[in-house]
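Chemist: Next up is a structure, given as structure tokens.
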Amino acid sequence: MPQAIFAENYFYHVFNRGVTRQPIFKTKRDYQRAIITLNFYQHQKPPLRLARALSLNKEEKGNFFKELKGKAKLAEIICYCLMPNHFHLLLKQKMNGGISKFLSNFSNSYTRYFNVKRKRVGPLFQGIFKAVRIETDEQLIHVSRYIHLNPIASLVIKEKELDNYPWSSFS
């Protein structure tokens, strides 16, 4: 699949999976860390690395994250779904090169976390992420629905459990 050419203020369906289709999220803590990492690195030039920001005391951390929310974003997360061995994001690029920088920062940070936690080395994700540009409103709605229904389609949960799937923006 040819890689999308990213343009500001356009939407993109972005996805990637674990190398050799291995799980990239094994525990509740992994999913939580991925969501924190996504939210952190969507911002342009955070003044600290995520690991350092998370080690601040409670007051400093609160001030830091409050200030970070006011910073410009590389990409806006419209919706997401984290699955055991892959992820889907619907993103809006907010500045030139934003999605590529955002996904690079996310992938590098999360891989470091995952590898240190499990005493492993090497890549976690199967190459560079894939992206498809959203061309119509109908496609935007379809992709959002596809992302949110992925846990059901992949047989991770039953349909009645969708409202409670914690690793998606559906709720």
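Just so we're on the same page: first chain in the structure tokens is A, next is B, and so on; residues restart at 1 for each chain, and ligands are numbered from 1 in the order they show up.
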List the spatial neighbours of stretch 105-114 of chain A as a ChimeraX atom specification - criterion: any atom at most 9 Å away, only C-alpha atoms, same-chain residues fewer than 2 positions off excluded.

Modeler: /A:24-25,30,33-34,37-38,40-42,49-51,100-103,116-125

Chemist: Name the residues of stretch 46-170 of chain A that come out as alpha helix (DSSP H) in a backbone DSSP run; write them as a short mmCIF file (atom, residue, chain, number, x, y, z; two decimals) with C-alpha atoms, in the first residue's frame.

Modeler:
```
data_model
loop_
_atom_site.label_atom_id
_atom_site.label_comp_id
_atom_site.auth_asym_id
_atom_site.auth_seq_id
_atom_site.Cartn_x
_atom_site.Cartn_y
_atom_site.Cartn_z
CA LEU A 50 7.28 11.35 28.94
CA ALA A 51 9.20 9.17 31.42
CA ARG A 52 10.63 12.31 33.06
CA ALA A 53 7.24 14.04 33.14
CA LEU A 54 5.68 11.00 34.84
CA LYS A 58 2.15 15.44 42.09
CA GLU A 59 2.10 19.26 42.03
CA GLU A 60 4.80 19.57 39.35
CA LYS A 61 3.10 16.90 37.25
CA GLY A 62 -0.25 18.68 37.48
CA ASN A 63 1.31 21.99 36.43
CA PHE A 64 3.30 20.36 33.63
CA PHE A 65 0.31 18.58 32.08
CA LYS A 66 -1.88 21.67 32.44
CA GLU A 67 0.74 23.68 30.52
CA LEU A 68 1.14 20.91 27.93
CA LYS A 69 -2.59 21.03 27.10
CA GLY A 98 2.73 16.45 12.28
CA ILE A 99 1.43 12.91 11.88
CA SER A 100 4.84 11.47 11.00
CA LYS A 101 6.51 13.20 13.97
CA PHE A 102 3.68 12.23 16.32
CA LEU A 103 3.75 8.55 15.32
CA SER A 104 7.55 8.45 15.47
CA ASN A 105 7.54 9.88 19.00
CA PHE A 106 4.75 7.54 20.10
CA SER A 107 6.36 4.43 18.59
CA ASN A 108 9.81 5.18 19.99
CA SER A 109 8.56 6.05 23.47
CA TYR A 110 6.15 3.14 23.78
CA THR A 111 8.72 0.68 22.40
CA ARG A 112 11.28 1.87 24.97
CA TYR A 113 8.71 1.40 27.75
CA PHE A 114 7.67 -2.06 26.49
CA ASN A 115 11.25 -3.27 25.96
CA VAL A 116 12.53 -2.06 29.34
CA LYS A 117 9.55 -3.57 31.16
CA ARG A 118 10.08 -6.96 29.50
CA ASP A 137 -17.50 12.60 4.90
CA GLU A 138 -18.90 9.14 4.24
CA GLN A 139 -15.41 7.63 4.45
CA LEU A 140 -14.77 9.54 7.70
CA ILE A 141 -17.92 8.05 9.26
CA HIS A 142 -17.12 4.57 7.92
CA VAL A 143 -13.55 4.64 9.28
CA SER A 144 -14.72 5.85 12.69
CA ARG A 145 -17.26 3.02 12.81
CA TYR A 146 -14.64 0.51 11.61
CA ILE A 147 -12.17 1.60 14.30
CA HIS A 148 -14.72 1.41 17.09
CA LEU A 149 -16.14 -1.95 15.99
CA ASN A 150 -12.68 -3.53 15.61
CA PRO A 151 -12.78 -5.30 19.02
CA ILE A 152 -16.01 -7.04 17.98
CA ALA A 153 -14.85 -7.87 14.45
#
```

Chemist: Do you know which residues are at most 7 Å from stretch 77-79 of chain A counting only C-alpha atoms, after dropping those on the same chain fewer than 5 positions away, and could you put them as a list in words?

Modeler: Leu89, Leu90, Leu91, Lys92, Ser144 and Ser169 of chain A

Chemist: For the residues in that selection, give me N, CA, C and O atoms as an mmCIF file, in the first residue's frame.

Modeler:
```
data_model
loop_
_atom_site.group_PDB
_atom_site.id
_atom_site.type_symbol
_atom_site.label_atom_id
_atom_site.label_comp_id
_atom_site.auth_asym_id
_atom_site.auth_seq_id
_atom_site.Cartn_x
_atom_site.Cartn_y
_atom_site.Cartn_z
ATOM 1 N N LEU A 89 -5.864 4.527 14.606
ATOM 2 C CA LEU A 89 -6.068 5.921 14.989
ATOM 3 C C LEU A 89 -6.722 6.655 13.835
ATOM 4 O O LEU A 89 -6.387 6.403 12.672
ATOM 5 N N LEU A 90 -7.626 7.539 14.139
ATOM 6 C CA LEU A 90 -8.150 8.477 13.161
ATOM 7 C C LEU A 90 -7.610 9.833 13.590
ATOM 8 O O LEU A 90 -7.919 10.310 14.689
ATOM 9 N N LEU A 91 -6.740 10.400 12.752
ATOM 10 C CA LEU A 91 -6.015 11.613 13.100
ATOM 11 C C LEU A 91 -6.303 12.741 12.125
ATOM 12 O O LEU A 91 -6.566 12.501 10.945
ATOM 13 N N LYS A 92 -6.191 13.957 12.631
ATOM 14 C CA LYS A 92 -6.233 15.146 11.792
ATOM 15 C C LYS A 92 -4.880 15.825 11.926
ATOM 16 O O LYS A 92 -4.465 16.177 13.035
ATOM 17 N N SER A 144 -14.449 5.732 11.258
ATOM 18 C CA SER A 144 -14.716 5.846 12.694
ATOM 19 C C SER A 144 -15.477 4.613 13.189
ATOM 20 O O SER A 144 -15.138 4.036 14.235
ATOM 21 N N SER A 169 -11.885 4.916 22.064
ATOM 22 C CA SER A 169 -12.550 6.191 22.319
ATOM 23 C C SER A 169 -14.067 6.080 22.156
ATOM 24 O O SER A 169 -14.761 7.090 22.248
#
```

Chemist: Would you return as a PyMOL selection string the members of stretch 3-127 of chain A that DSSP assigns to strand (DSSP E or B) on this structure's backbone?

Modeler: chain A and resi 11-18+43+73+75-83+86-93+125

Chemist: Using only C-alpha atoms for the distances, tell me which of A:Tyr165, A:Lys28, A:Val19, A:Ala7 is nearest to A:Tyr80.

Modeler: A:Tyr165

Chemist: Report, in Å with one decimal, the straight-line distance from atom CA of A:His86 to atom CA of A:Lys73.

Modeler: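 Calculated distance between atom CA of A:His86 and atom CA of A:Lys73 is 23.6 Å.
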